[in-house]
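Shown below: coords.cif, with mmCIF, C-alpha atoms.
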```cif
data_data
loop_
_atom_site.label_atom_id
_atom_site.label_comp_id
_atom_site.auth_asym_id
_atom_site.auth_seq_id
_atom_site.Cartn_x
_atom_site.Cartn_y
_atom_site.Cartn_z
CA MET A 1 114.50 99.96 92.33
CA SER A 2 117.71 100.88 94.11
CA ARG A 3 118.62 102.29 97.50
CA ARG A 4 121.03 105.19 97.22
CA SER A 5 122.75 107.70 99.46
CA ILE A 6 123.64 111.37 99.26
CA ALA A 7 125.90 113.33 101.61
CA VAL A 8 124.19 115.66 104.09
CA GLU A 9 125.09 116.37 107.72
CA SER A 10 124.18 112.73 108.31
CA SER A 11 123.60 110.07 105.69
CA GLY A 12 120.56 110.84 103.56
CA HIS A 13 118.99 107.78 101.96
CA TYR A 14 116.49 107.59 99.14
CA PHE A 15 114.89 105.04 96.85
CA THR A 16 114.26 105.22 93.13
CA ASN A 17 112.12 103.52 90.51
CA GLY A 18 113.32 103.53 86.93
CA GLU A 19 116.27 105.42 85.49
CA LEU A 20 116.51 109.05 84.45
CA THR A 21 117.12 109.13 80.69
CA LYS A 22 116.49 111.41 77.73
CA LYS A 23 113.18 109.56 77.28
CA THR A 24 111.94 110.44 80.77
CA LYS A 25 108.78 112.57 80.67
CA HIS A 26 107.94 112.73 84.36
CA ILE A 27 109.99 112.99 87.57
CA TRP A 28 108.31 112.31 90.91
CA ILE A 29 109.58 113.40 94.31
CA ALA A 30 107.49 111.50 96.85
CA LEU A 31 107.76 112.02 100.63
CA HIS A 32 106.54 109.48 103.17
CA GLY A 33 104.71 110.15 106.42
CA TYR A 34 105.63 109.78 110.08
CA GLY A 35 106.88 106.34 111.07
CA GLN A 36 107.38 105.16 107.49
CA THR A 37 110.28 104.82 105.05
CA GLY A 38 111.11 105.84 101.51
CA GLU A 39 110.18 102.33 100.41
CA TYR A 40 106.56 103.01 101.40
CA MET A 41 106.16 105.74 98.77
CA LYS A 42 108.19 103.79 96.23
CA GLU A 43 105.75 100.92 96.60
CA LYS A 44 102.73 103.23 96.21
CA LEU A 45 104.03 104.58 92.89
CA LYS A 46 105.27 101.32 91.41
CA PHE A 47 102.38 101.34 88.90
CA LEU A 48 104.03 104.18 86.96
CA ASP A 49 105.72 103.09 83.74
CA PRO A 50 109.51 103.35 84.36
CA SER A 51 110.13 104.11 80.69
CA ASP A 52 108.35 107.48 81.14
CA HIS A 53 108.51 108.06 84.89
CA PHE A 54 111.49 108.38 87.23
CA VAL A 55 110.51 108.21 90.90
CA ILE A 56 112.61 109.55 93.78
CA CYS A 57 111.53 108.66 97.33
CA PRO A 58 113.67 110.43 99.95
CA GLU A 59 113.77 108.99 103.44
CA ALA A 60 113.56 111.26 106.48
CA LEU A 61 116.81 111.81 108.36
CA ASN A 62 115.45 110.86 111.81
CA SER A 63 115.44 107.07 112.19
CA PHE A 64 113.99 105.02 115.03
CA TYR A 65 112.44 101.63 115.80
CA TRP A 66 108.69 101.29 116.01
CA HIS A 67 105.89 98.70 115.80
CA ALA A 68 105.75 95.24 117.30
CA ASN A 69 108.23 93.75 114.84
CA ASN A 70 110.78 96.49 115.66
CA GLU A 71 111.20 97.66 112.07
CA PRO A 72 113.34 100.78 111.46
CA VAL A 73 111.25 103.78 110.37
CA ALA A 74 111.78 107.54 110.10
CA CYS A 75 110.23 110.97 110.62
CA TRP A 76 110.97 114.36 109.04
CA MET A 77 110.85 116.65 112.03
CA THR A 78 110.51 116.60 115.82
CA LYS A 79 109.96 119.36 118.37
CA ARG A 80 113.34 118.83 120.03
CA HIS A 81 115.62 120.12 117.25
CA ARG A 82 112.95 121.61 115.02
CA TYR A 83 114.93 124.39 113.31
CA GLU A 84 118.03 122.28 112.72
CA GLU A 85 115.94 119.46 111.27
CA ILE A 86 114.17 121.82 108.85
CA VAL A 87 117.55 123.11 107.65
CA ALA A 88 118.82 119.54 107.27
CA PHE A 89 115.90 118.19 105.25
CA VAL A 90 115.77 121.31 103.05
CA SER A 91 119.46 120.79 102.27
CA PHE A 92 118.84 117.09 101.61
CA LEU A 93 115.97 117.79 99.19
CA ASP A 94 117.98 120.55 97.50
CA LEU A 95 120.83 118.09 96.88
CA LEU A 96 118.47 115.51 95.40
CA TYR A 97 116.81 118.15 93.24
CA ASP A 98 120.19 119.41 92.00
CA ARG A 99 121.30 115.88 91.18
CA TYR A 100 118.21 114.80 89.24
CA CYS A 101 116.01 117.76 88.33
CA ARG A 102 117.99 120.97 87.99
CA HIS A 103 119.27 120.36 84.46
CA VAL A 104 116.51 118.29 82.86
CA ASN A 105 114.65 119.55 79.82
CA GLN A 106 111.94 122.09 80.70
CA GLU A 107 109.39 119.81 79.05
CA VAL A 108 109.94 117.18 81.75
CA LYS A 109 107.16 117.48 84.32
CA ILE A 110 108.18 117.43 87.97
CA HIS A 111 105.52 116.11 90.32
CA LEU A 112 105.70 116.53 94.12
CA ILE A 113 103.58 114.30 96.33
CA GLY A 114 103.60 113.95 100.09
CA PHE A 115 101.69 111.79 102.52
CA SER A 116 100.83 113.06 106.02
CA GLN A 117 104.00 114.59 107.56
CA GLY A 118 105.62 114.49 104.12
CA CYS A 119 103.19 117.20 102.95
CA ALA A 120 104.36 119.79 105.48
CA THR A 121 107.95 118.84 104.61
CA LEU A 122 107.33 119.55 100.93
CA TRP A 123 105.79 122.94 101.71
CA ARG A 124 108.71 123.95 103.93
CA TRP A 125 111.11 122.93 101.18
CA ILE A 126 109.39 124.83 98.36
CA HIS A 127 109.00 127.83 100.68
CA ALA A 128 112.75 127.84 101.31
CA SER A 129 114.04 126.90 97.84
CA GLN A 130 111.26 127.54 95.29
CA PRO A 131 112.24 124.70 92.93
CA ARG A 132 110.64 124.28 89.52
CA PHE A 133 107.74 121.84 89.64
CA THR A 134 104.50 121.15 87.79
CA ASP A 135 102.13 120.09 90.56
CA LEU A 136 102.00 119.27 94.25
CA THR A 137 99.69 116.76 95.92
CA ASN A 138 98.93 116.94 99.63
CA TRP A 139 97.75 113.42 100.41
CA ALA A 140 96.11 113.56 103.83
CA GLY A 141 98.56 116.17 105.02
CA TRP A 142 98.83 119.69 106.39
CA ILE A 143 100.17 122.99 105.10
CA PRO A 144 102.41 124.60 107.77
CA GLU A 145 100.69 127.50 109.52
CA ASP A 146 103.80 129.24 110.85
CA ILE A 147 104.99 130.58 107.49
CA SER A 148 103.40 132.92 104.95
CA TYR A 149 103.00 132.05 101.28
CA LEU A 150 101.73 135.43 100.09
CA HIS A 151 105.08 136.33 98.52
CA MET A 152 104.91 133.08 96.50
CA GLU A 153 101.73 134.00 94.64
CA ASN A 154 103.47 134.53 91.28
CA TYR A 155 105.68 131.48 91.78
CA LEU A 156 102.71 129.21 92.46
CA ARG A 157 100.29 130.73 89.94
CA GLU A 158 100.92 128.28 87.08
CA LYS A 159 101.27 125.23 89.32
CA SER A 160 98.52 122.75 90.19
CA ILE A 161 98.04 122.04 93.88
CA PHE A 162 95.82 119.23 95.15
CA LEU A 163 94.49 118.27 98.58
CA HIS A 164 93.24 114.68 98.70
CA TYR A 165 92.16 112.85 101.85
CA GLY A 166 89.91 110.07 103.13
CA ASP A 167 86.42 110.70 104.46
CA SER A 168 87.24 108.62 107.57
CA ASP A 169 90.67 110.12 108.24
CA LYS A 170 90.96 110.72 112.01
CA PHE A 171 93.74 113.27 111.44
CA ILE A 172 91.90 115.29 108.74
CA THR A 173 88.54 115.92 110.41
CA GLU A 174 85.87 118.32 109.16
CA GLU A 175 87.07 120.88 111.72
CA GLN A 176 90.66 120.46 110.52
CA VAL A 177 89.59 120.83 106.89
CA GLU A 178 87.83 124.12 107.69
CA LYS A 179 90.99 125.44 109.35
CA LEU A 180 93.02 124.33 106.37
CA LYS A 181 90.64 126.06 103.98
CA ASP A 182 90.99 129.28 106.00
CA LEU A 183 94.77 128.96 105.80
CA ILE A 184 94.58 128.40 102.05
CA SER A 185 92.31 131.43 101.61
CA GLU A 186 94.45 133.71 103.80
CA ASN A 187 97.53 132.85 101.74
CA LYS A 188 95.73 133.15 98.39
CA LEU A 189 96.62 129.58 97.45
CA ASN A 190 94.75 127.90 94.62
CA VAL A 191 94.13 124.38 95.92
CA ALA A 192 91.73 121.82 94.44
CA SER A 193 90.42 119.53 97.19
CA SER A 194 88.83 116.10 96.83
CA VAL A 195 87.81 113.23 99.09
CA PHE A 196 87.94 109.46 98.75
CA LYS A 197 86.35 106.73 100.87
CA GLY A 198 88.99 105.64 103.34
CA LYS A 199 91.12 106.38 106.36
CA HIS A 200 94.61 107.84 106.89
CA HIS A 201 96.41 105.83 104.23
CA ILE A 202 97.09 105.59 100.51
CA PRO A 203 94.98 102.84 98.94
CA HIS A 204 96.68 101.40 95.85
CA ASP A 205 93.61 101.65 93.60
CA GLU A 206 92.89 105.21 94.76
CA ILE A 207 96.34 106.67 94.13
CA LYS A 208 96.45 104.96 90.75
CA ARG A 209 93.06 106.44 89.84
CA PHE A 210 93.93 109.88 91.22
CA VAL A 211 97.30 110.14 89.49
CA ASN A 212 96.05 108.91 86.11
CA LYS A 213 92.87 111.02 86.13
CA VAL A 214 93.79 114.17 88.06
CA VAL A 215 97.54 114.68 87.94
CA LEU A 216 98.60 113.33 84.55
#
```

Kindly return the structure encoded in the file as structure tokens.
Amino acid sequence: MSRRSIAVESSGHYFTNGELTKKTKHIWIALHGYGQTGEYMKEKLKFLDPSDHFVICPEALNSFYWHANNEPVACWMTKRHRYEEIVAFVSFLDLLYDRYCRHVNQEVKIHLIGFSQGCATLWRWIHASQPRFTDLTNWAGWIPEDISYLHMENYLREKSIFLHYGDSDKFITEEQVEKLKDLISENKLNVASSVFKGKHHIPHDEIKRFVNKVVL
């Protein structure tokens, strides 16, 4: 694992597992949730074999201190400078994609996975840039309601999209799930949803099971 930087309007940091080589079969772009760091997602995907998988975990550009131990954490977007922050993180993700994914062999699978706020961030990015990818996993996260995806029907047709959340998640309630299903239907999105026993988090055993059985 290494911590790296890439130039955006402010310093954009990201973490990686493995090295991108000619033997790489899978690239992962994994986005953390509110109040977390890139290391959180790196840790969740550490079970992937680095000889086949190269993992990129971008860190949100907004940093702050939170929790009792005053650890530095980050978030992708706030209400205060909403538009500017969307432009900034789209540019950041575009730069990372250009550096690692743009010129890889077409046989290399590109997996996108977000947790909580990282899910909406992924959707805003693919809406703006339409990068090549194989599948997208919304782990306990939302699809932005303020943009339309109808014009992306052909782009998304051959891609697998998953919604996976815990049955005790206080942020993804039954009412919220119904609203999300309506949003998915209105935008003609093909999303496979599934539920695990748990709260608003990513249990190690569950993500390992889900990735190996559903995604790969």

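Under the PyMOL selection byres ((chain A and resi 138) around 9), the matching residues in the shown file are Leu112, Ile113, Gly114, Phe115, Ser116, Gly118, Cys119, Ala120, Leu122, Leu136, Thr137, Trp139, Ala140, Gly141, Trp142, Ile143, Ile161, Phe162, Leu163, His164 and Tyr165 of chain A.
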
Can you write out the residues you just picked, keeping C-alpha atoms, as a short mmCIF file (atom, residue, chain, number, x, y, z; two decimals), in the frame of the given file?
```cif
data_model
loop_
_atom_site.label_atom_id
_atom_site.label_comp_id
_atom_site.auth_asym_id
_atom_site.auth_seq_id
_atom_site.Cartn_x
_atom_site.Cartn_y
_atom_site.Cartn_z
CA LEU A 112 105.70 116.53 94.12
CA ILE A 113 103.58 114.30 96.33
CA GLY A 114 103.60 113.95 100.09
CA PHE A 115 101.69 111.79 102.52
CA SER A 116 100.83 113.06 106.02
CA GLY A 118 105.62 114.49 104.12
CA CYS A 119 103.19 117.20 102.95
CA ALA A 120 104.36 119.79 105.48
CA LEU A 122 107.33 119.55 100.93
CA LEU A 136 102.00 119.27 94.25
CA THR A 137 99.69 116.76 95.92
CA TRP A 139 97.75 113.42 100.41
CA ALA A 140 96.11 113.56 103.83
CA GLY A 141 98.56 116.17 105.02
CA TRP A 142 98.83 119.69 106.39
CA ILE A 143 100.17 122.99 105.10
CA ILE A 161 98.04 122.04 93.88
CA PHE A 162 95.82 119.23 95.15
CA LEU A 163 94.49 118.27 98.58
CA HIS A 164 93.24 114.68 98.70
CA TYR A 165 92.16 112.85 101.85
#
```

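Ranking A:Lys208, A:Arg132, A:Lys170, A:His127 by their shortest atom-to-atom distance to Leu48 (chain A), with all atoms listed in the file included, puts A:Lys208 first.
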
**Report entry** Answer key for the PyMOL selection byres ((chain A and resi 84-93) around 9), residues as a list in words
**Finding:** Ile6, Ala7, Val8, Glu9, Ser10, Gly12, Pro58, Ala60, Leu61, Asn62, Trp76, Met77, Thr78, His81, Arg82, Tyr83, Asp94, Leu95, Leu96, Tyr97, Asp98, Thr121, Leu122, Arg124, Trp125, Ile126, Ala128 and Ser129 of chain A

Query raised in the report: Could you spell out the hits of the PyMOL selection byres ((chain A and resi 51) around 9) on the shown file, as a VMD selection string?
Result: chain A and resid 18 to 21 23 to 25 48 to 50 52 to 54

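Taking CA of Glu145 (chain A) and CA of Gly35 (chain A) as the two end points, the separation is 22.1 Å.
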
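Comparing the minimum interatomic distances between Ser148 (chain A) and each of A:Ser185, A:Gln106, A:Asn212, A:Asn17, counting only C-alpha atoms, we find that A:Ser185 sits nearest.
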
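Using only C-alpha atoms for every distance, the candidate list A:Tyr100, A:Leu45, A:Tyr40, A:Leu150 yields A:Leu150 as the residue closest to Leu183 (chain A).
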
Query raised in the report: Looking at A:Thr16, A:Glu43, A:Gly198, A:Asn105, which one is nearest to Ile172 (chain A), with distances taken over all atoms listed in the file?
Result: A:Gly198

Once N, CA and C atoms are restored for region 8-40 of chain A, what would the output be as a PDB file, in the coordinates of the input?
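Written output follows (out_35.pdb):
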```pdb
ATOM      1  N   VAL A   8     124.697 114.493 103.365  1.00  0.00           N
ATOM      2  CA  VAL A   8     124.190 115.660 104.090  1.00  0.00           C
ATOM      3  C   VAL A   8     124.914 115.643 105.432  1.00  0.00           C
ATOM      4  N   GLU A   9     124.419 116.367 106.424  1.00  0.00           N
ATOM      5  CA  GLU A   9     125.090 116.370 107.720  1.00  0.00           C
ATOM      6  C   GLU A   9     125.152 114.961 108.297  1.00  0.00           C
ATOM      7  N   SER A  10     124.127 114.164 108.032  1.00  0.00           N
ATOM      8  CA  SER A  10     124.180 112.730 108.310  1.00  0.00           C
ATOM      9  C   SER A  10     123.786 112.057 107.012  1.00  0.00           C
ATOM     10  N   SER A  11     123.894 110.752 106.942  1.00  0.00           N
ATOM     11  CA  SER A  11     123.600 110.070 105.690  1.00  0.00           C
ATOM     12  C   SER A  11     122.140 110.250 105.296  1.00  0.00           C
ATOM     13  N   GLY A  12     121.913 110.692 104.076  1.00  0.00           N
ATOM     14  CA  GLY A  12     120.560 110.840 103.560  1.00  0.00           C
ATOM     15  C   GLY A  12     120.288 109.726 102.561  1.00  0.00           C
ATOM     16  N   HIS A  13     119.294 108.918 102.829  1.00  0.00           N
ATOM     17  CA  HIS A  13     118.990 107.780 101.960  1.00  0.00           C
ATOM     18  C   HIS A  13     117.737 108.051 101.148  1.00  0.00           C
ATOM     19  N   TYR A  14     117.668 107.450  99.982  1.00  0.00           N
ATOM     20  CA  TYR A  14     116.490 107.590  99.140  1.00  0.00           C
ATOM     21  C   TYR A  14     116.384 106.384  98.230  1.00  0.00           C
ATOM     22  N   PHE A  15     115.180 106.167  97.716  1.00  0.00           N
ATOM     23  CA  PHE A  15     114.890 105.040  96.850  1.00  0.00           C
ATOM     24  C   PHE A  15     114.410 105.561  95.504  1.00  0.00           C
ATOM     25  N   THR A  16     114.681 104.804  94.465  1.00  0.00           N
ATOM     26  CA  THR A  16     114.260 105.220  93.130  1.00  0.00           C
ATOM     27  C   THR A  16     113.572 104.075  92.403  1.00  0.00           C
ATOM     28  N   ASN A  17     112.711 104.450  91.483  1.00  0.00           N
ATOM     29  CA  ASN A  17     112.120 103.520  90.510  1.00  0.00           C
ATOM     30  C   ASN A  17     112.475 104.023  89.129  1.00  0.00           C
ATOM     31  N   GLY A  18     112.972 103.143  88.275  1.00  0.00           N
ATOM     32  CA  GLY A  18     113.320 103.530  86.930  1.00  0.00           C
ATOM     33  C   GLY A  18     114.681 104.197  86.863  1.00  0.00           C
ATOM     34  N   GLU A  19     115.018 104.708  85.702  1.00  0.00           N
ATOM     35  CA  GLU A  19     116.270 105.420  85.490  1.00  0.00           C
ATOM     36  C   GLU A  19     115.969 106.724  84.752  1.00  0.00           C
ATOM     37  N   LEU A  20     116.688 107.764  85.105  1.00  0.00           N
ATOM     38  CA  LEU A  20     116.510 109.050  84.450  1.00  0.00           C
ATOM     39  C   LEU A  20     117.266 109.043  83.123  1.00  0.00           C
ATOM     40  N   THR A  21     116.523 109.150  82.021  1.00  0.00           N
ATOM     41  CA  THR A  21     117.120 109.130  80.690  1.00  0.00           C
ATOM     42  C   THR A  21     116.551 110.277  79.858  1.00  0.00           C
ATOM     43  N   LYS A  22     117.008 110.380  78.631  1.00  0.00           N
ATOM     44  CA  LYS A  22     116.490 111.410  77.730  1.00  0.00           C
ATOM     45  C   LYS A  22     115.043 111.140  77.349  1.00  0.00           C
ATOM     46  N   LYS A  23     114.566 109.921  77.596  1.00  0.00           N
ATOM     47  CA  LYS A  23     113.180 109.560  77.280  1.00  0.00           C
ATOM     48  C   LYS A  23     112.234 109.838  78.448  1.00  0.00           C
ATOM     49  N   THR A  24     112.774 110.188  79.595  1.00  0.00           N
ATOM     50  CA  THR A  24     111.940 110.440  80.770  1.00  0.00           C
ATOM     51  C   THR A  24     111.040 111.657  80.549  1.00  0.00           C
ATOM     52  N   LYS A  25     109.754 111.489  80.828  1.00  0.00           N
ATOM     53  CA  LYS A  25     108.780 112.570  80.670  1.00  0.00           C
ATOM     54  C   LYS A  25     108.318 113.145  82.011  1.00  0.00           C
ATOM     55  N   HIS A  26     108.439 112.332  83.051  1.00  0.00           N
ATOM     56  CA  HIS A  26     107.940 112.730  84.360  1.00  0.00           C
ATOM     57  C   HIS A  26     108.949 112.349  85.445  1.00  0.00           C
ATOM     58  N   ILE A  27     109.207 113.277  86.368  1.00  0.00           N
ATOM     59  CA  ILE A  27     109.990 112.990  87.570  1.00  0.00           C
ATOM     60  C   ILE A  27     109.074 113.192  88.773  1.00  0.00           C
ATOM     61  N   TRP A  28     109.116 112.240  89.693  1.00  0.00           N
ATOM     62  CA  TRP A  28     108.310 112.310  90.910  1.00  0.00           C
ATOM     63  C   TRP A  28     109.227 112.411  92.120  1.00  0.00           C
ATOM     64  N   ILE A  29     108.936 113.343  93.005  1.00  0.00           N
ATOM     65  CA  ILE A  29     109.580 113.400  94.310  1.00  0.00           C
ATOM     66  C   ILE A  29     108.482 113.116  95.327  1.00  0.00           C
ATOM     67  N   ALA A  30     108.583 111.976  95.993  1.00  0.00           N
ATOM     68  CA  ALA A  30     107.490 111.500  96.850  1.00  0.00           C
ATOM     69  C   ALA A  30     107.984 111.329  98.286  1.00  0.00           C
ATOM     70  N   LEU A  31     107.334 112.015  99.228  1.00  0.00           N
ATOM     71  CA  LEU A  31     107.760 112.020 100.630  1.00  0.00           C
ATOM     72  C   LEU A  31     106.783 111.238 101.506  1.00  0.00           C
ATOM     73  N   HIS A  32     107.340 110.330 102.290  1.00  0.00           N
ATOM     74  CA  HIS A  32     106.540 109.480 103.170  1.00  0.00           C
ATOM     75  C   HIS A  32     106.079 110.221 104.415  1.00  0.00           C
ATOM     76  N   GLY A  33     105.229 109.571 105.193  1.00  0.00           N
ATOM     77  CA  GLY A  33     104.710 110.150 106.420  1.00  0.00           C
ATOM     78  C   GLY A  33     105.482 109.708 107.643  1.00  0.00           C
ATOM     79  N   TYR A  34     104.985 110.112 108.811  1.00  0.00           N
ATOM     80  CA  TYR A  34     105.630 109.780 110.080  1.00  0.00           C
ATOM     81  C   TYR A  34     105.643 108.273 110.304  1.00  0.00           C
ATOM     82  N   GLY A  35     106.789 107.761 110.748  1.00  0.00           N
ATOM     83  CA  GLY A  35     106.880 106.340 111.070  1.00  0.00           C
ATOM     84  C   GLY A  35     106.886 105.437 109.859  1.00  0.00           C
ATOM     85  N   GLN A  36     107.293 105.963 108.709  1.00  0.00           N
ATOM     86  CA  GLN A  36     107.380 105.160 107.490  1.00  0.00           C
ATOM     87  C   GLN A  36     108.796 105.250 106.932  1.00  0.00           C
ATOM     88  N   THR A  37     108.982 104.748 105.723  1.00  0.00           N
ATOM     89  CA  THR A  37     110.280 104.820 105.050  1.00  0.00           C
ATOM     90  C   THR A  37     110.084 105.232 103.602  1.00  0.00           C
ATOM     91  N   GLY A  38     111.187 105.504 102.921  1.00  0.00           N
ATOM     92  CA  GLY A  38     111.110 105.840 101.510  1.00  0.00           C
ATOM     93  C   GLY A  38     110.513 104.713 100.687  1.00  0.00           C
ATOM     94  N   GLU A  39     110.712 103.480 101.135  1.00  0.00           N
ATOM     95  CA  GLU A  39     110.180 102.330 100.410  1.00  0.00           C
ATOM     96  C   GLU A  39     108.652 102.348 100.351  1.00  0.00           C
ATOM     97  N   TYR A  40     108.029 102.939 101.373  1.00  0.00           N
ATOM     98  CA  TYR A  40     106.560 103.010 101.400  1.00  0.00           C
ATOM     99  C   TYR A  40     106.044 103.768 100.187  1.00  0.00           C
TER     100      TYR A  40
END
```
